[in-house]
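This is protein_35.cif. It holds mmCIF, C-alpha atoms.
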data_my_file
loop_
_atom_site.label_atom_id
_atom_site.label_comp_id
_atom_site.auth_asym_id
_atom_site.auth_seq_id
_atom_site.Cartn_x
_atom_site.Cartn_y
_atom_site.Cartn_z
CA MET E 1 65.40 12.48 32.47
CA LYS E 2 65.16 13.32 28.79
CA LYS E 3 62.88 10.86 27.02
CA PRO E 4 64.09 9.11 23.86
CA LEU E 5 62.86 10.77 20.66
CA VAL E 6 61.58 8.77 17.69
CA ALA E 7 61.27 10.67 14.38
CA ILE E 8 58.97 9.41 11.62
CA VAL E 9 60.25 10.48 8.20
CA GLY E 10 59.68 9.65 4.56
CA ARG E 11 58.44 11.14 1.33
CA PRO E 12 54.91 12.64 1.22
CA ASN E 13 51.78 10.50 1.40
CA VAL E 14 53.33 7.19 2.52
CA GLY E 15 51.23 7.09 5.72
CA LYS E 16 53.54 8.73 8.26
CA SER E 17 50.74 10.58 10.07
CA THR E 18 48.53 7.48 10.14
CA LEU E 19 51.39 5.55 11.74
CA PHE E 20 52.00 8.43 14.18
CA ASN E 21 48.34 8.42 15.23
CA ARG E 22 48.39 4.62 15.58
CA ILE E 23 51.41 4.72 17.91
CA VAL E 24 50.12 7.66 19.95
CA GLY E 25 46.66 6.11 20.19
CA MET E 26 44.71 9.20 19.21
CA ARG E 27 44.10 11.40 16.17
CA LEU E 28 46.68 14.13 16.75
CA ALA E 29 48.18 14.39 13.28
CA ILE E 30 46.00 15.43 10.37
CA VAL E 31 45.50 12.50 7.99
CA GLU E 32 44.36 13.26 4.47
CA ASP E 33 45.11 11.58 1.15
CA THR E 34 46.89 14.71 -0.06
CA PRO E 35 50.67 15.10 -0.22
CA GLY E 36 52.02 17.80 2.08
CA VAL E 37 49.25 17.84 4.67
CA THR E 38 51.69 17.54 7.60
CA ARG E 39 54.02 20.50 7.24
CA ASP E 40 55.58 21.08 10.67
CA ARG E 41 57.00 18.67 13.20
CA LEU E 42 54.25 17.38 15.49
CA TYR E 43 55.24 15.95 18.88
CA ALA E 44 53.43 13.59 21.24
CA LYS E 45 54.22 11.25 24.12
CA SER E 46 53.83 7.48 24.01
CA ASP E 47 55.12 4.37 25.77
CA TRP E 48 55.90 0.76 24.95
CA ASN E 49 56.80 -2.08 27.33
CA GLY E 50 57.27 0.35 30.19
CA ARG E 51 59.49 2.80 28.27
CA GLU E 52 58.14 6.29 27.77
CA PHE E 53 59.30 8.18 24.70
CA ASP E 54 58.51 11.22 22.57
CA ILE E 55 57.56 10.77 18.96
CA VAL E 56 57.61 13.34 16.18
CA ASP E 57 55.72 13.32 12.89
CA THR E 58 57.31 15.31 10.06
CA GLY E 59 56.29 16.74 6.74
CA GLY E 60 57.18 14.59 3.77
CA ILE E 61 60.73 14.90 2.45
CA GLU E 62 60.91 15.90 -1.21
CA PRO E 63 64.64 15.79 -2.08
CA ARG E 64 64.11 17.38 -5.49
CA THR E 65 61.85 20.41 -5.29
CA ASP E 66 61.83 24.18 -5.77
CA ASN E 67 58.44 24.59 -4.06
CA GLU E 68 58.79 26.92 -1.05
CA ILE E 69 56.50 24.94 1.26
CA LEU E 70 58.11 21.61 0.31
CA LEU E 71 61.55 23.09 0.96
CA PHE E 72 60.40 24.17 4.42
CA MET E 73 59.01 20.69 5.05
CA ARG E 74 62.33 19.13 4.11
CA GLU E 75 64.15 21.53 6.44
CA GLN E 76 61.82 20.64 9.33
CA ALA E 77 62.30 16.91 8.71
CA ASN E 78 66.08 17.37 8.73
CA ILE E 79 65.91 19.16 12.10
CA ALA E 80 63.84 16.28 13.49
CA ILE E 81 66.43 13.80 12.21
CA GLU E 82 69.21 15.72 13.99
CA MET E 83 67.32 15.64 17.30
CA ALA E 84 66.12 12.03 17.13
CA ASP E 85 67.52 8.98 18.91
CA VAL E 86 65.80 6.61 16.45
CA ILE E 87 64.56 7.32 12.92
CA VAL E 88 61.61 5.43 11.46
CA PHE E 89 61.79 5.65 7.66
CA VAL E 90 58.35 4.95 6.17
CA THR E 91 57.95 3.72 2.60
CA ASP E 92 54.87 2.69 0.61
CA PHE E 93 54.45 -0.94 -0.47
CA THR E 94 51.86 -0.02 -3.10
CA THR E 95 54.29 2.19 -5.05
CA GLY E 96 57.47 0.19 -4.45
CA VAL E 97 60.88 1.85 -4.09
CA THR E 98 60.93 5.27 -5.77
CA ALA E 99 63.79 7.58 -6.71
CA ASN E 100 62.83 9.83 -3.81
CA ASP E 101 63.00 6.87 -1.43
CA ASN E 102 66.55 6.21 -2.59
CA ASP E 103 67.53 9.87 -2.07
CA VAL E 104 66.05 9.91 1.44
CA ALA E 105 67.77 6.63 2.29
CA VAL E 106 71.16 8.08 1.25
CA SER E 107 70.72 11.09 3.56
CA LEU E 108 69.58 8.85 6.43
CA ARG E 109 72.62 6.60 6.09
CA LYS E 110 74.83 9.70 6.28
CA SER E 111 73.12 10.82 9.51
CA GLY E 112 74.74 8.00 11.49
CA LYS E 113 71.53 7.54 13.50
CA PRO E 114 69.75 4.19 13.98
CA VAL E 115 67.25 3.86 11.12
CA ILE E 116 64.34 1.40 11.08
CA LEU E 117 62.93 0.78 7.62
CA VAL E 118 59.14 0.42 7.54
CA VAL E 119 57.14 -0.75 4.53
CA ASN E 120 53.63 0.59 5.10
CA LYS E 121 50.27 -0.31 3.52
CA MET E 122 50.89 -4.07 3.69
CA ASP E 123 47.27 -4.61 4.67
CA SER E 124 47.07 -8.35 3.92
CA THR E 125 47.88 -10.83 6.67
CA GLY E 126 49.39 -14.27 6.20
CA ALA E 127 52.39 -15.16 4.07
CA THR E 128 54.89 -12.34 3.41
CA ASN E 129 54.49 -10.82 -0.05
CA PRO E 130 57.81 -11.39 -1.87
CA ASP E 131 57.61 -7.90 -3.38
CA ILE E 132 58.81 -6.53 -0.02
CA TYR E 133 62.32 -7.78 -0.80
CA GLU E 134 62.96 -4.94 -3.26
CA PHE E 135 63.16 -2.60 -0.23
CA TYR E 136 66.40 -4.28 0.84
CA ALA E 137 67.97 -2.30 -2.02
CA LEU E 138 67.70 0.85 0.15
CA GLY E 139 70.60 -0.46 2.23
CA LEU E 140 68.90 0.05 5.57
CA GLY E 141 68.65 -3.53 6.71
CA GLU E 142 65.60 -5.75 7.05
CA PRO E 143 62.31 -3.93 6.40
CA ILE E 144 59.41 -4.26 8.85
CA SER E 145 56.03 -4.75 7.20
CA VAL E 146 53.30 -2.57 8.71
CA SER E 147 49.72 -1.59 8.09
CA ALA E 148 49.32 1.72 9.92
CA ALA E 149 45.65 1.81 8.96
CA HIS E 150 44.89 -1.57 10.59
CA GLY E 151 47.64 -1.72 13.21
CA HIS E 152 49.47 -4.78 11.84
CA GLY E 153 53.18 -4.81 12.65
CA THR E 154 53.29 -1.74 14.87
CA GLY E 155 54.27 -3.88 17.89
CA ASP E 156 57.26 -5.30 16.01
CA LEU E 157 58.21 -1.78 14.98
CA LEU E 158 58.10 -0.47 18.56
CA ASP E 159 60.06 -3.48 19.83
CA GLU E 160 62.79 -2.55 17.37
CA CYS E 161 62.68 1.13 18.41
CA VAL E 162 63.13 0.30 22.09
CA LYS E 163 66.33 -1.64 21.30
CA PHE E 164 67.99 1.65 20.30
CA PHE E 165 66.79 3.74 23.25
CA PRO E 166 69.55 4.97 25.60
CA PRO E 167 69.64 3.31 29.03
CA GLU E 168 67.10 4.54 31.56
CA SER E 169 68.35 6.94 34.23
CA ASP E 170 67.21 6.94 37.82
CA GLU E 171 66.97 10.72 37.82
CA GLU E 172 63.47 12.10 37.70
CA GLU E 173 62.79 14.56 34.94
CA GLU E 174 61.76 17.93 36.29
CA ASP E 175 58.52 19.01 34.75
CA GLY E 176 56.94 22.23 35.91
CA ALA E 177 57.17 23.79 32.46
CA ILE E 178 54.53 26.41 31.69
CA LYS E 179 52.58 25.44 28.57
CA VAL E 180 52.05 28.52 26.38
CA ALA E 181 49.65 28.44 23.40
CA VAL E 182 50.31 31.14 20.80
CA ILE E 183 46.94 31.79 19.16
CA GLY E 184 45.45 34.23 16.69
CA LYS E 185 44.01 34.57 13.25
CA PRO E 186 46.12 33.47 10.26
CA ASN E 187 49.26 35.48 9.46
CA ALA E 188 49.30 37.38 12.77
CA GLY E 189 52.92 36.38 13.35
CA LYS E 190 52.54 33.38 15.67
CA SER E 191 55.26 31.25 14.07
CA SER E 192 57.57 34.25 13.72
CA LEU E 193 57.29 34.92 17.45
CA ILE E 194 58.24 31.34 18.35
CA ASN E 195 61.12 31.38 15.87
CA LYS E 196 62.40 34.65 17.38
CA ILE E 197 62.23 33.17 20.90
CA LEU E 198 64.00 29.96 19.92
CA GLY E 199 66.53 31.52 17.61
CA GLN E 200 65.95 28.89 14.94
CA LYS E 201 63.43 28.10 12.24
CA ARG E 202 61.39 25.83 14.47
CA VAL E 203 58.10 26.33 12.61
CA ILE E 204 57.34 27.30 9.05
CA VAL E 205 57.04 31.03 8.42
CA SER E 206 55.49 32.16 5.16
CA GLU E 207 53.42 35.09 3.98
CA ALA E 208 50.80 32.60 2.82
CA ALA E 209 48.03 32.52 5.43
CA GLY E 210 47.34 29.10 6.89
CA THR E 211 50.90 27.75 6.66
CA THR E 212 50.78 26.17 10.11
CA ARG E 213 48.17 23.41 10.19
CA ASP E 214 49.09 21.34 13.24
CA ALA E 215 49.63 22.55 16.79
CA VAL E 216 53.37 22.18 17.36
CA ASP E 217 54.98 21.79 20.81
CA THR E 218 58.47 23.15 21.47
CA PRO E 219 60.21 22.89 24.87
CA PHE E 220 62.29 25.94 25.78
CA GLU E 221 64.28 26.98 28.85
CA ASN E 222 65.99 30.25 29.79
CA GLU E 223 66.82 32.24 32.89
CA HIS E 224 63.11 32.92 33.48
CA GLY E 225 62.09 29.25 33.65
CA LYS E 226 60.91 26.27 31.61
CA TYR E 227 58.26 26.59 28.93
CA VAL E 228 56.54 24.56 26.22
CA PHE E 229 55.44 26.80 23.35
CA ILE E 230 52.51 25.57 21.27
CA ASP E 231 52.27 27.16 17.83
CA THR E 232 48.73 26.75 16.57
CA ALA E 233 47.05 26.92 13.22
CA GLY E 234 45.48 30.31 12.62
CA ILE E 235 41.82 30.25 13.56
CA ARG E 236 39.67 31.42 10.67
CA ARG E 237 36.05 32.37 10.31
CA LYS E 238 33.88 29.29 9.79
CA SER E 239 32.85 30.61 6.38
CA LYS E 240 36.54 30.68 5.43
CA ILE E 241 37.26 27.10 6.44
CA ASP E 242 37.71 25.17 3.22
CA GLY E 243 37.73 21.39 3.42
CA ARG E 244 38.39 18.89 6.17
CA ILE E 245 42.07 19.83 6.60
CA GLU E 246 41.28 23.38 7.76
CA HIS E 247 38.51 22.04 9.99
CA TYR E 248 40.92 19.71 11.77
CA SER E 249 43.42 22.57 12.16
CA VAL E 250 40.84 24.70 13.99
CA LEU E 251 40.02 21.76 16.28
CA ARG E 252 43.73 21.27 16.90
CA ALA E 253 44.11 24.94 17.89
CA GLN E 254 41.16 24.64 20.27
CA MET E 255 42.73 21.51 21.81
CA ALA E 256 46.01 23.43 22.21
CA ILE E 257 44.15 26.13 24.15
CA GLU E 258 42.59 23.51 26.40
CA ARG E 259 45.94 21.98 27.41
CA ALA E 260 47.77 25.31 27.75
CA ASP E 261 48.42 27.14 31.01
CA VAL E 262 48.81 30.55 29.34
CA CYS E 263 47.55 31.85 25.99
CA ILE E 264 49.34 34.58 24.04
CA ILE E 265 46.72 36.19 21.81
CA MET E 266 48.47 37.65 18.76
CA ILE E 267 46.91 40.73 17.14
CA ASP E 268 48.20 42.44 13.99
CA ALA E 269 48.88 46.07 14.92
CA ARG E 270 48.19 47.19 11.35
CA GLU E 271 44.63 45.84 11.45
CA GLY E 272 43.74 46.37 15.11
CA VAL E 273 41.25 44.07 16.82
CA THR E 274 39.09 42.42 14.18
CA GLU E 275 35.90 40.44 14.64
CA GLN E 276 37.93 37.26 14.23
CA ASP E 277 40.35 38.38 16.95
CA THR E 278 37.45 38.72 19.38
CA LYS E 279 36.39 35.15 18.61
CA VAL E 280 39.93 33.79 19.03
CA ALA E 281 40.33 35.62 22.35
CA GLY E 282 36.89 34.38 23.38
CA LEU E 283 38.07 30.77 23.06
CA ALA E 284 40.83 31.41 25.60
CA HIS E 285 38.47 33.33 27.88
CA GLU E 286 35.77 30.65 27.81
CA ALA E 287 38.41 27.98 28.48
CA GLY E 288 39.43 29.91 31.62
CA LYS E 289 43.05 30.39 30.52
CA ALA E 290 45.45 33.03 31.77
CA SER E 291 46.07 35.31 28.79
CA ILE E 292 48.37 37.97 27.41
CA ILE E 293 47.42 40.17 24.45
CA ALA E 294 50.47 40.63 22.21
CA VAL E 295 50.02 43.40 19.63
CA ASN E 296 52.51 42.30 16.97
CA LYS E 297 54.18 44.16 14.06
CA TRP E 298 54.47 47.27 16.22
CA ASP E 299 57.64 48.19 14.27
CA LEU E 300 55.46 48.82 11.18
CA ILE E 301 53.25 51.43 12.89
CA GLU E 302 53.98 55.13 12.47
CA LYS E 303 54.23 56.58 15.96
CA GLU E 304 52.70 59.82 17.19
CA THR E 305 52.12 61.15 20.68
CA ASN E 306 50.33 58.55 22.84
CA THR E 307 50.02 56.07 19.94
CA MET E 308 50.52 53.13 22.30
CA ASP E 309 48.00 54.43 24.85
CA LYS E 310 45.39 54.95 22.14
CA MET E 311 45.94 51.45 20.77
CA ARG E 312 45.74 49.93 24.25
CA ALA E 313 42.43 51.71 24.85
CA GLU E 314 41.07 50.36 21.55
CA VAL E 315 42.13 46.82 22.47
CA LEU E 316 40.45 47.07 25.88
CA ARG E 317 37.32 48.45 24.25
CA ASP E 318 37.08 45.74 21.60
CA LEU E 319 38.01 42.93 24.02
CA SER E 320 35.88 44.32 26.83
CA TYR E 321 35.18 40.87 28.28
CA MET E 322 38.86 40.31 29.06
CA THR E 323 40.14 43.63 30.36
CA TYR E 324 42.06 41.59 32.94
CA ALA E 325 44.61 40.53 30.28
CA PRO E 326 47.80 42.66 30.11
CA THR E 327 48.68 44.11 26.70
CA LEU E 328 52.23 44.08 25.32
CA PHE E 329 53.34 45.74 22.08
CA ILE E 330 55.95 43.64 20.31
CA SER E 331 57.66 42.92 17.02
CA ALA E 332 58.32 39.24 16.38
CA LEU E 333 60.49 40.30 13.42
CA THR E 334 62.88 42.61 15.29
CA GLY E 335 62.48 41.11 18.77
CA GLN E 336 61.17 44.35 20.27
CA ARG E 337 59.88 43.65 23.83
CA VAL E 338 59.77 39.90 23.16
CA ASP E 339 62.00 39.33 26.21
CA LYS E 340 59.33 40.95 28.41
CA LEU E 341 56.88 38.20 27.48
CA PHE E 342 58.55 35.75 29.87
CA GLU E 343 58.00 37.94 32.93
CA LEU E 344 54.36 38.35 31.93
CA ILE E 345 53.93 34.61 31.29
CA ASN E 346 55.30 33.79 34.75
CA TYR E 347 53.19 36.51 36.35
CA VAL E 348 49.80 35.60 34.83
CA ASP E 349 50.47 31.89 35.37
CA ALA E 350 51.09 32.55 39.07
CA GLN E 351 47.96 34.71 39.24
CA ALA E 352 45.87 31.91 37.75
CA ALA E 353 47.17 29.54 40.46
CA THR E 354 46.39 31.93 43.33
CA ARG E 355 44.54 30.51 46.35
CA ILE E 356 42.72 32.77 48.81
CA SER E 357 41.67 31.52 52.22
CA THR E 358 37.98 31.34 53.09
CA GLY E 359 38.55 33.69 56.01
CA MET E 360 40.04 36.42 53.83
CA LEU E 361 37.27 35.99 51.25
CA ASN E 362 34.55 36.39 53.85
CA ASP E 363 36.20 39.48 55.31
CA LEU E 364 36.12 40.93 51.80
CA LEU E 365 32.51 39.78 51.33
CA GLY E 366 31.41 41.51 54.54
CA ASP E 367 33.05 44.79 53.51
CA ALA E 368 31.59 44.57 49.99
CA MET E 369 28.03 43.98 51.24
CA ALA E 370 28.37 46.86 53.74
CA ARG E 371 29.30 49.24 50.91
CA VAL E 372 26.72 47.99 48.38
CA GLN E 373 23.69 46.16 49.70
CA PRO E 374 22.71 42.92 47.93
CA PRO E 375 19.78 43.39 45.53
CA THR E 376 16.11 42.90 46.38
CA ASP E 377 13.19 41.76 44.24
CA ARG E 378 9.52 42.07 45.22
CA GLY E 379 10.41 42.52 48.85
CA LYS E 380 12.86 39.62 48.95
CA ARG E 381 16.50 40.47 49.68
CA LEU E 382 19.47 38.41 48.60
CA LYS E 383 21.40 37.01 51.55
CA ILE E 384 24.95 35.78 50.94
CA TYR E 385 26.04 33.47 53.75
CA TYR E 386 29.67 32.89 52.82
CA MET E 387 32.15 32.54 49.96
CA THR E 388 34.92 30.01 49.42
CA GLN E 389 37.41 29.23 46.67
CA ALA E 390 36.71 25.93 44.95
CA SER E 391 39.62 25.67 42.50
CA VAL E 392 42.39 27.43 40.58
CA ARG E 393 43.20 27.85 36.86
CA PRO E 394 41.03 29.84 36.74
CA PRO E 395 40.34 30.97 40.31
CA THR E 396 36.79 29.79 40.95
CA PHE E 397 34.71 31.05 43.87
CA VAL E 398 31.46 29.61 45.24
CA CYS E 399 28.92 31.91 46.91
CA PHE E 400 26.23 30.32 49.09
CA CYS E 401 23.04 32.33 49.31
CA ASN E 402 19.33 32.08 50.14
CA ASN E 403 18.03 32.45 46.55
CA ALA E 404 20.18 32.10 43.43
CA GLU E 405 17.60 33.91 41.28
CA LEU E 406 18.13 37.09 43.31
CA PHE E 407 21.89 37.01 42.60
CA HIS E 408 21.85 39.43 39.66
CA PHE E 409 24.67 39.44 37.13
CA SER E 410 25.57 43.02 38.07
CA TYR E 411 26.15 42.07 41.72
CA ARG E 412 28.22 39.07 40.67
CA ARG E 413 30.38 41.40 38.58
CA TYR E 414 30.64 43.80 41.53
CA LEU E 415 31.97 41.05 43.79
CA GLU E 416 34.39 39.89 41.10
CA ASN E 417 35.75 43.44 40.81
CA GLN E 418 36.14 43.64 44.58
CA ILE E 419 38.15 40.40 44.56
CA ARG E 420 40.39 41.76 41.79
CA ASP E 421 40.86 45.09 43.57
CA VAL E 422 42.07 43.36 46.74
CA PHE E 423 43.86 40.24 45.49
CA GLY E 424 44.94 41.25 41.96
CA LEU E 425 44.33 38.17 39.78
CA GLU E 426 45.58 40.09 36.76
CA GLY E 427 45.79 38.13 33.54
CA THR E 428 43.34 35.40 34.53
CA PRO E 429 39.57 35.00 34.22
CA VAL E 430 37.63 34.64 37.45
CA ARG E 431 34.69 32.25 37.76
CA MET E 432 31.90 32.72 40.27
CA VAL E 433 29.45 29.89 41.02
CA ILE E 434 26.22 30.60 42.86
CA ARG E 435 24.74 27.96 45.16
CA GLU E 436 21.67 28.03 47.38
CA ARG E 437 22.28 26.75 50.89
CA GLY E 438 21.68 23.03 50.92
CA ASP E 439 22.82 22.49 47.30
CA ASP E 440 25.56 19.96 46.64
#
Can I see the file as structure tokens?
Amino acid sequence: MKKPLVAIVGRPNVGKSTLFNRIVGMRLAIVEDTPGVTRDRLYAKSDWNGREFDIVDTGGIEPRTDNEILLFMREQANIAIEMADVIVFVTDFTTGVTANDNDVAVSLRKSGKPVILVVNKMDSTGATNPDIYEFYALGLGEPISVSAAHGHGTGDLLDECVKFFPPESDEEEEDGAIKVAVIGKPNAGKSSLINKILGQKRVIVSEAAGTTRDAVDTPFENEHGKYVFIDTAGIRRKSKIDGRIEHYSVLRAQMAIERADVCIIMIDAREGVTEQDTKVAGLAHEAGKASIIAVNKWDLIEKETNTMDKMRAEVLRDLSYMTYAPTLFISALTGQRVDKLFELINYVDAQAATRISTGMLNDLLGDAMARVQPPTDRGKRLKIYYMTQASVRPPTFVCFCNNAELFHFSYRRYLENQIRDVFGLEGTPVRMVIRERGDD
């Protein structure tokens, strides 16, 4: 069953993201006393009185602007309005009704959607301040006074939202969507790839690096399956992170990696693998995520004989710790090979969920030890009693032995390679845990 969608809209800096965080119950949206901090639509799940719903935070609407970023923000807010079941229009009590508020109210009345007028920053409790009555002039009914910063009035607001939700259906919503985080350094083409896949301007695309600040979730379904694409803020070098806003964006991207099933690591073909690319890819590797390396802007590269093979070899050399990840050469601009991403996403996701029986693992272990004897140190030989799989995503194997100190890294890597040779596990990291017999 599709959950109701609540869209929070309003002009910049009225407290939309603070209200969004208050309703969601965690700091998902970036909150900063700077107009234009939230640029894209940011989704989250919430519930009230037993009703689950999705909520979307939008960039501030500036009806009168020629600024490119502000125009994009307005476009994103309008898309959210079209998709929403209920619109929460946030205004600022401290500034009163502005000309922009009036313009936004006119467009909301034309939308034909249920609109709940919220007057934010009413931080005082007690008798209602009579100044709130000027907001009736917006023609959107009775305003609800709220303090997003302190939580006053949010219950009344949610009660009003629930009144407009469509009736609940008995049908269970099928989940099973693969969560895909698109990661990379700024301006690698992450948002362009998602826009090409969706066929609409879902996220802001601009030549200015750092345009995407929040991690943005977008459900998508085609003949290959169900997906949720997460467009993340470009991850910069720490020395390049200016101010708290960029810092939160990097944290948001890292959180997106943590909740993803598959990571698409975007690399600019014109630059090759940079030091920053290795750090971005390292985040996905350390998090144990199935990964695909997408070399983007391939249409801009002059081709010679074996150009692709040479580039693939360079990628494998520079990302030597994740040679398990398949490499695909794409163009997010033209759509070249973008359709092949879905097959790879499904494949590496299935590989990450692979389970191998203990019997098969120990047959492999016996053959591997017969070919290459376990190491010795000062007359003591490593004895490996048995191996079992502890978990998936990533596949994690536990080896029980007589002495963990004798289990050299090189032999651990040898066993990992043997597992990959026999069972595949392409596109996913493999974890190996060493335990001495008798350990918990």
Requested in this report: Could you tell me which of E:Met432, E:Leu316, E:Met387, E:Ile267 comes closest to Met360 in chain E if we count all atoms listed in the file?
Outcome: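 Closest to Met360 in chain E of all the choices is E:Met387.
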Report summary line: Using only C-alpha atoms, the shortest atom-to-atom distance to Gly25 in chain E among E:Gly184, E:Gly151, E:Pro114, E:Pro130 belongs to E:Gly151
Query - Best match for closeness to Val372 in chain E among E:Glu405, E:Ser331, E:Asp339, E:Tyr411, counting only C-alpha atoms - result: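 For Val372 in chain E, the nearest of the given residues is E:Tyr411.
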Query raised in the report: Can you list, as a ChimeraX atom specification, every protein, DNA or RNA residue that comes within 8 Å of Ala281 in chain E when you count all atoms listed in the file, leaving out same-chain residues fewer than 2 positions away?
Result: /E:184,265,277-279,283-285,319
Query raised in the report: Hey, what comes out of the PyMOL selection byres ((chain E and resi 181) around 9) on this file? Could you write it as a ChimeraX atom specification?
Result: /E:179-180,182-183,215,217,228-232,253,256-257,259-265
Store the residues picked out above in a file with C-alpha atoms, as a PDB file, in the coordinates of the input.
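Output below, filename out_14.pdb:
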ATOM      1  CA  LYS E 179      52.580  25.440  28.570  1.00  0.00           C
ATOM      2  CA  VAL E 180      52.050  28.520  26.380  1.00  0.00           C
ATOM      3  CA  VAL E 182      50.310  31.140  20.800  1.00  0.00           C
ATOM      4  CA  ILE E 183      46.940  31.790  19.160  1.00  0.00           C
ATOM      5  CA  ALA E 215      49.630  22.550  16.790  1.00  0.00           C
ATOM      6  CA  ASP E 217      54.980  21.790  20.810  1.00  0.00           C
ATOM      7  CA  VAL E 228      56.540  24.560  26.220  1.00  0.00           C
ATOM      8  CA  PHE E 229      55.440  26.800  23.350  1.00  0.00           C
ATOM      9  CA  ILE E 230      52.510  25.570  21.270  1.00  0.00           C
ATOM     10  CA  ASP E 231      52.270  27.160  17.830  1.00  0.00           C
ATOM     11  CA  THR E 232      48.730  26.750  16.570  1.00  0.00           C
ATOM     12  CA  ALA E 253      44.110  24.940  17.890  1.00  0.00           C
ATOM     13  CA  ALA E 256      46.010  23.430  22.210  1.00  0.00           C
ATOM     14  CA  ILE E 257      44.150  26.130  24.150  1.00  0.00           C
ATOM     15  CA  ARG E 259      45.940  21.980  27.410  1.00  0.00           C
ATOM     16  CA  ALA E 260      47.770  25.310  27.750  1.00  0.00           C
ATOM     17  CA  ASP E 261      48.420  27.140  31.010  1.00  0.00           C
ATOM     18  CA  VAL E 262      48.810  30.550  29.340  1.00  0.00           C
ATOM     19  CA  CYS E 263      47.550  31.850  25.990  1.00  0.00           C
ATOM     20  CA  ILE E 264      49.340  34.580  24.040  1.00  0.00           C
ATOM     21  CA  ILE E 265      46.720  36.190  21.810  1.00  0.00           C
TER      22      ILE E 265
END
Query raised in the report: Can you tell me how far CA of Gly153 in chain E sits from CA of Glu52 in chain E, in Å to one decimal?
Result: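 Separating CA of Gly153 in chain E from CA of Glu52 in chain E is a distance of 19.4 Å.
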Report task. Return the single residue from E:Gly427, E:Pro394, E:Gly359, E:Gly225 that is closest to Ala177 in chain E, with distances computed using all atoms listed in the file. Result ->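 Residue with the minimum atom-to-atom distance to Ala177 in chain E: E:Gly225.
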How would you write, as a JSON list (two decimals) with C-alpha atoms, keeping the file's coordinate frame, the residues chosen by the PyMOL selection byres ((chain E and resi 415-421) around 12) on this structure?
[["chain", "number", "residue", "atom", "x", "y", "z"],
["E", 323, "THR", "CA", 40.14, 43.63, 30.36],
["E", 324, "TYR", "CA", 42.06, 41.59, 32.94],
["E", 351, "GLN", "CA", 47.96, 34.71, 39.24],
["E", 352, "ALA", "CA", 45.87, 31.91, 37.75],
["E", 354, "THR", "CA", 46.39, 31.93, 43.33],
["E", 355, "ARG", "CA", 44.54, 30.51, 46.35],
["E", 356, "ILE", "CA", 42.72, 32.77, 48.81],
["E", 360, "MET", "CA", 40.04, 36.42, 53.83],
["E", 361, "LEU", "CA", 37.27, 35.99, 51.25],
["E", 362, "ASN", "CA", 34.55, 36.39, 53.85],
["E", 363, "ASP", "CA", 36.20, 39.48, 55.31],
["E", 364, "LEU", "CA", 36.12, 40.93, 51.80],
["E", 365, "LEU", "CA", 32.51, 39.78, 51.33],
["E", 366, "GLY", "CA", 31.41, 41.51, 54.54],
["E", 367, "ASP", "CA", 33.05, 44.79, 53.51],
["E", 368, "ALA", "CA", 31.59, 44.57, 49.99],
["E", 369, "MET", "CA", 28.03, 43.98, 51.24],
["E", 371, "ARG", "CA", 29.30, 49.24, 50.91],
["E", 372, "VAL", "CA", 26.72, 47.99, 48.38],
["E", 373, "GLN", "CA", 23.69, 46.16, 49.70],
["E", 374, "PRO", "CA", 22.71, 42.92, 47.93],
["E", 384, "ILE", "CA", 24.95, 35.78, 50.94],
["E", 387, "MET", "CA", 32.15, 32.54, 49.96],
["E", 388, "THR", "CA", 34.92, 30.01, 49.42],
["E", 389, "GLN", "CA", 37.41, 29.23, 46.67],
["E", 395, "PRO", "CA", 40.34, 30.97, 40.31],
["E", 396, "THR", "CA", 36.79, 29.79, 40.95],
["E", 397, "PHE", "CA", 34.71, 31.05, 43.87],
["E", 398, "VAL", "CA", 31.46, 29.61, 45.24],
["E", 399, "CYS", "CA", 28.92, 31.91, 46.91],
["E", 407, "PHE", "CA", 21.89, 37.01, 42.60],
["E", 408, "HIS", "CA", 21.85, 39.43, 39.66],
["E", 409, "PHE", "CA", 24.67, 39.44, 37.13],
["E", 410, "SER", "CA", 25.57, 43.02, 38.07],
["E", 411, "TYR", "CA", 26.15, 42.07, 41.72],
["E", 412, "ARG", "CA", 28.22, 39.07, 40.67],
["E", 413, "ARG", "CA", 30.38, 41.40, 38.58],
["E", 414, "TYR", "CA", 30.64, 43.80, 41.53],
["E", 422, "VAL", "CA", 42.07, 43.36, 46.74],
["E", 423, "PHE", "CA", 43.86, 40.24, 45.49],
["E", 424, "GLY", "CA", 44.94, 41.25, 41.96],
["E", 425, "LEU", "CA", 44.33, 38.17, 39.78],
["E", 426, "GLU", "CA", 45.58, 40.09, 36.76],
["E", 427, "GLY", "CA", 45.79, 38.13, 33.54],
["E", 428, "THR", "CA", 43.34, 35.40, 34.53],
["E", 429, "PRO", "CA", 39.57, 35.00, 34.22],
["E", 430, "VAL", "CA", 37.63, 34.64, 37.45],
["E", 431, "ARG", "CA", 34.69, 32.25, 37.76],
["E", 432, "MET", "CA", 31.90, 32.72, 40.27],
["E", 433, "VAL", "CA", 29.45, 29.89, 41.02],
["E", 434, "ILE", "CA", 26.22, 30.60, 42.86]]
Query - Residues returned when the PyMOL selection byres ((chain E and resi 119) around 7) runs on this file, as an MDAnalysis selection string - result: chainID E and resid 90:93 117:118 120:121 143:146
Query raised in the report: Out of E:Phe164, E:Phe135, E:Phe329, E:Trp298, which residue has the shortest atom-to-atom distance to Arg312 in chain E when counting all atoms listed in the file?
Result: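 Distance minimum relative to Arg312 in chain E lands on E:Phe329.
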**Report entry** Atom-to-atom span, CA of Glu160 in chain E and CA of Ile87 in chain E, Å
**Finding:**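 Going from CA of Glu160 in chain E over to CA of Ile87 in chain E covers 11.0 Å.
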